[in-house]
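**Student:** Here's a structure for you.
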Amino acid sequence: MSNKRIGNDFERELANILYKSGFWVHNLAQNQGGQPADVIAVKNGVPYLIDCKVCSNDKFPFSRVEENQDLSMTLWEMCGNGQGWFALLLEDDVFMIPHAVINRYRKRQASFNEREIRDGIPLDLWIKGVSP
């Protein structure tokens, strides 16, 4: 299976999980120019901008954060929408990591290793944390 297909499947799976957890969800369609994120989810009037990344070899290289994603997540926050999020798929587990955390770490290292990814918020706890 191609990396693109694996990534698209993960985006759909995450959108479905969030929908079943009571979020309004839109999976942004791939377009030729690329998009700044993969999923917009809203729950209780709070929007979440999420980019999905599949981690291979138990790493997440920060070079995979595209410039348009970085700029869009920064502007998203500046506009009062809260922080942007990265959903990192590691094996069968999903961890949520804020854009600001990625930015802080990439100033001193090139990637997250497995332990650092697992230090993120497990998806089920993230969902509970955003729900009243």
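So you can find residues: chains in the structure tokens are A, B, ... in the order shown, residues in each start at 1, and ligands are numbered from 1 in order.
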Set the distance at 6 Å and use only C-alpha atoms: which residues neighbour segment 59-61 of chain A once local chain neighbours fewer than 4 positions away are removed? I'd like the list as number ranges by chain.
**Tutor:** A: 55, 111-114
**Student:** Next, the residues of the selection above should be written as a PDB file, in the first residue's frame with N, CA and C atoms.
**Tutor:**
```pdb
ATOM      1  N   CYS A  55       3.571   7.922  11.214  1.00  0.00           N
ATOM      2  CA  CYS A  55       4.985   7.836  11.596  1.00  0.00           C
ATOM      3  C   CYS A  55       5.526   6.468  11.204  1.00  0.00           C
ATOM      4  N   SER A 111      13.684  15.622  14.841  1.00  0.00           N
ATOM      5  CA  SER A 111      12.536  14.718  14.813  1.00  0.00           C
ATOM      6  C   SER A 111      12.134  14.329  16.222  1.00  0.00           C
ATOM      7  N   PHE A 112      10.972  13.698  16.316  1.00  0.00           N
ATOM      8  CA  PHE A 112      10.543  13.033  17.542  1.00  0.00           C
ATOM      9  C   PHE A 112      10.849  11.555  17.380  1.00  0.00           C
ATOM     10  N   ASN A 113      11.317  10.933  18.450  1.00  0.00           N
ATOM     11  CA  ASN A 113      11.466   9.485  18.454  1.00  0.00           C
ATOM     12  C   ASN A 113      10.191   8.874  19.044  1.00  0.00           C
ATOM     13  N   GLU A 114      10.151   7.563  19.155  1.00  0.00           N
ATOM     14  CA  GLU A 114       8.939   6.889  19.628  1.00  0.00           C
ATOM     15  C   GLU A 114       8.518   7.372  21.020  1.00  0.00           C
TER      16      GLU A 114
END
```
**Student:** Please extract the residues of segment 1-129 of chain A with a backbone DSSP assignment of strand (DSSP E or B) and present them as a ChimeraX atom specification.
**Tutor:** /A:24-27,39-43,46-54,60-61,84-90,93-98,111-112,121-122
**Student:** Which residues are near Leu49 of chain A? Cut-off 7 Å, only C-alpha atoms, ignore same chain within fewer than 5 positions. Put them as a compact mmCIF listing (two decimals) with N, CA, C and O atoms, in the first residue's frame.
**Tutor:**
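around_3.txt, written as the output of this step:
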```txt
# COMPACT_ATOMS: atom_id res chain seq x y z
N ALA A 37 -3.98 21.63 6.31
CA ALA A 37 -4.32 20.64 7.33
C ALA A 37 -5.21 19.59 6.69
O ALA A 37 -5.64 19.74 5.54
N VAL A 39 -7.95 17.90 8.65
CA VAL A 39 -9.26 17.80 9.28
C VAL A 39 -9.57 19.08 10.05
O VAL A 39 -8.69 19.61 10.73
N ILE A 40 -10.79 19.54 9.92
CA ILE A 40 -11.32 20.57 10.81
C ILE A 40 -12.43 19.90 11.59
O ILE A 40 -13.33 19.29 11.02
N ALA A 41 -12.35 19.98 12.91
CA ALA A 41 -13.36 19.39 13.78
C ALA A 41 -13.84 20.47 14.74
O ALA A 41 -13.06 21.31 15.18
N GLY A 84 -3.28 24.75 16.65
CA GLY A 84 -3.35 23.68 15.67
C GLY A 84 -2.78 22.41 16.28
O GLY A 84 -1.99 22.46 17.23
N TRP A 85 -3.19 21.28 15.75
CA TRP A 85 -2.80 19.98 16.30
C TRP A 85 -2.24 19.07 15.22
O TRP A 85 -2.68 19.12 14.07
```
**Student:** Just to confirm, what's the straight-line distance from atom CA of Val101 of chain A to atom CA of Lys20 of chain A in Å (one decimal)?
**Tutor:**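 Straight-line distance from atom CA of Val101 of chain A to atom CA of Lys20 of chain A works out to 27.3 Å.
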**Student:** When DSSP works through the backbone of this structure, what residues of segment 52-126 of chain A end up as helix (DSSP H, G or I), shown as number ranges by chain?
**Tutor:** A: 62-64, 67-78, 99-106, 114-118, 123-126
**Student:** Please provide as a ChimeraX atom specification all residues within 12 Å of Ile6 of chain A, with the sequence filter that same-chain residues fewer than 6 positions apart are discarded (counting only C-alpha atoms).
**Tutor:** /A:12-13,52-56,89,91
**Student:** Closest to Gly45 of chain A among A:Trp126, A:Asn81, A:Phe95, A:Asp119, using only C-alpha atoms?
**Tutor:** A:Asn81
**Student:** Rank A:Pro47, A:Pro98, A:Gly129, A:Gly80 by their smallest atom-to-atom distance to Val25 of chain A, using only C-alpha atoms, and report the top residue only.
**Tutor:**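 Distance minimum relative to Val25 of chain A lands on A:Pro47.
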**Student:** Quick one: pull the distance between atom CA of Trp76 of chain A and atom CA of Gly120 of chain A, Å, one decimal.
**Tutor:**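 Distance between the two atoms: 20.8 Å.
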**Student:** One decimal, Å: what's the distance from atom CA of Gln35 of chain A over to atom CA of Glu66 of chain A, could you say?
**Tutor:**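 That distance, rounded to one decimal, is 9.7 Å.
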**Student:** Using only C-alpha atoms, pick whichever of A:Val130, A:Glu11, A:Glu77, A:Phe86 has the shortest atom-to-atom distance to Leu28 of chain A.
**Tutor:**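 Between A:Val130, A:Glu11, A:Glu77, A:Phe86, the residue approaching Leu28 of chain A most closely is A:Glu11.
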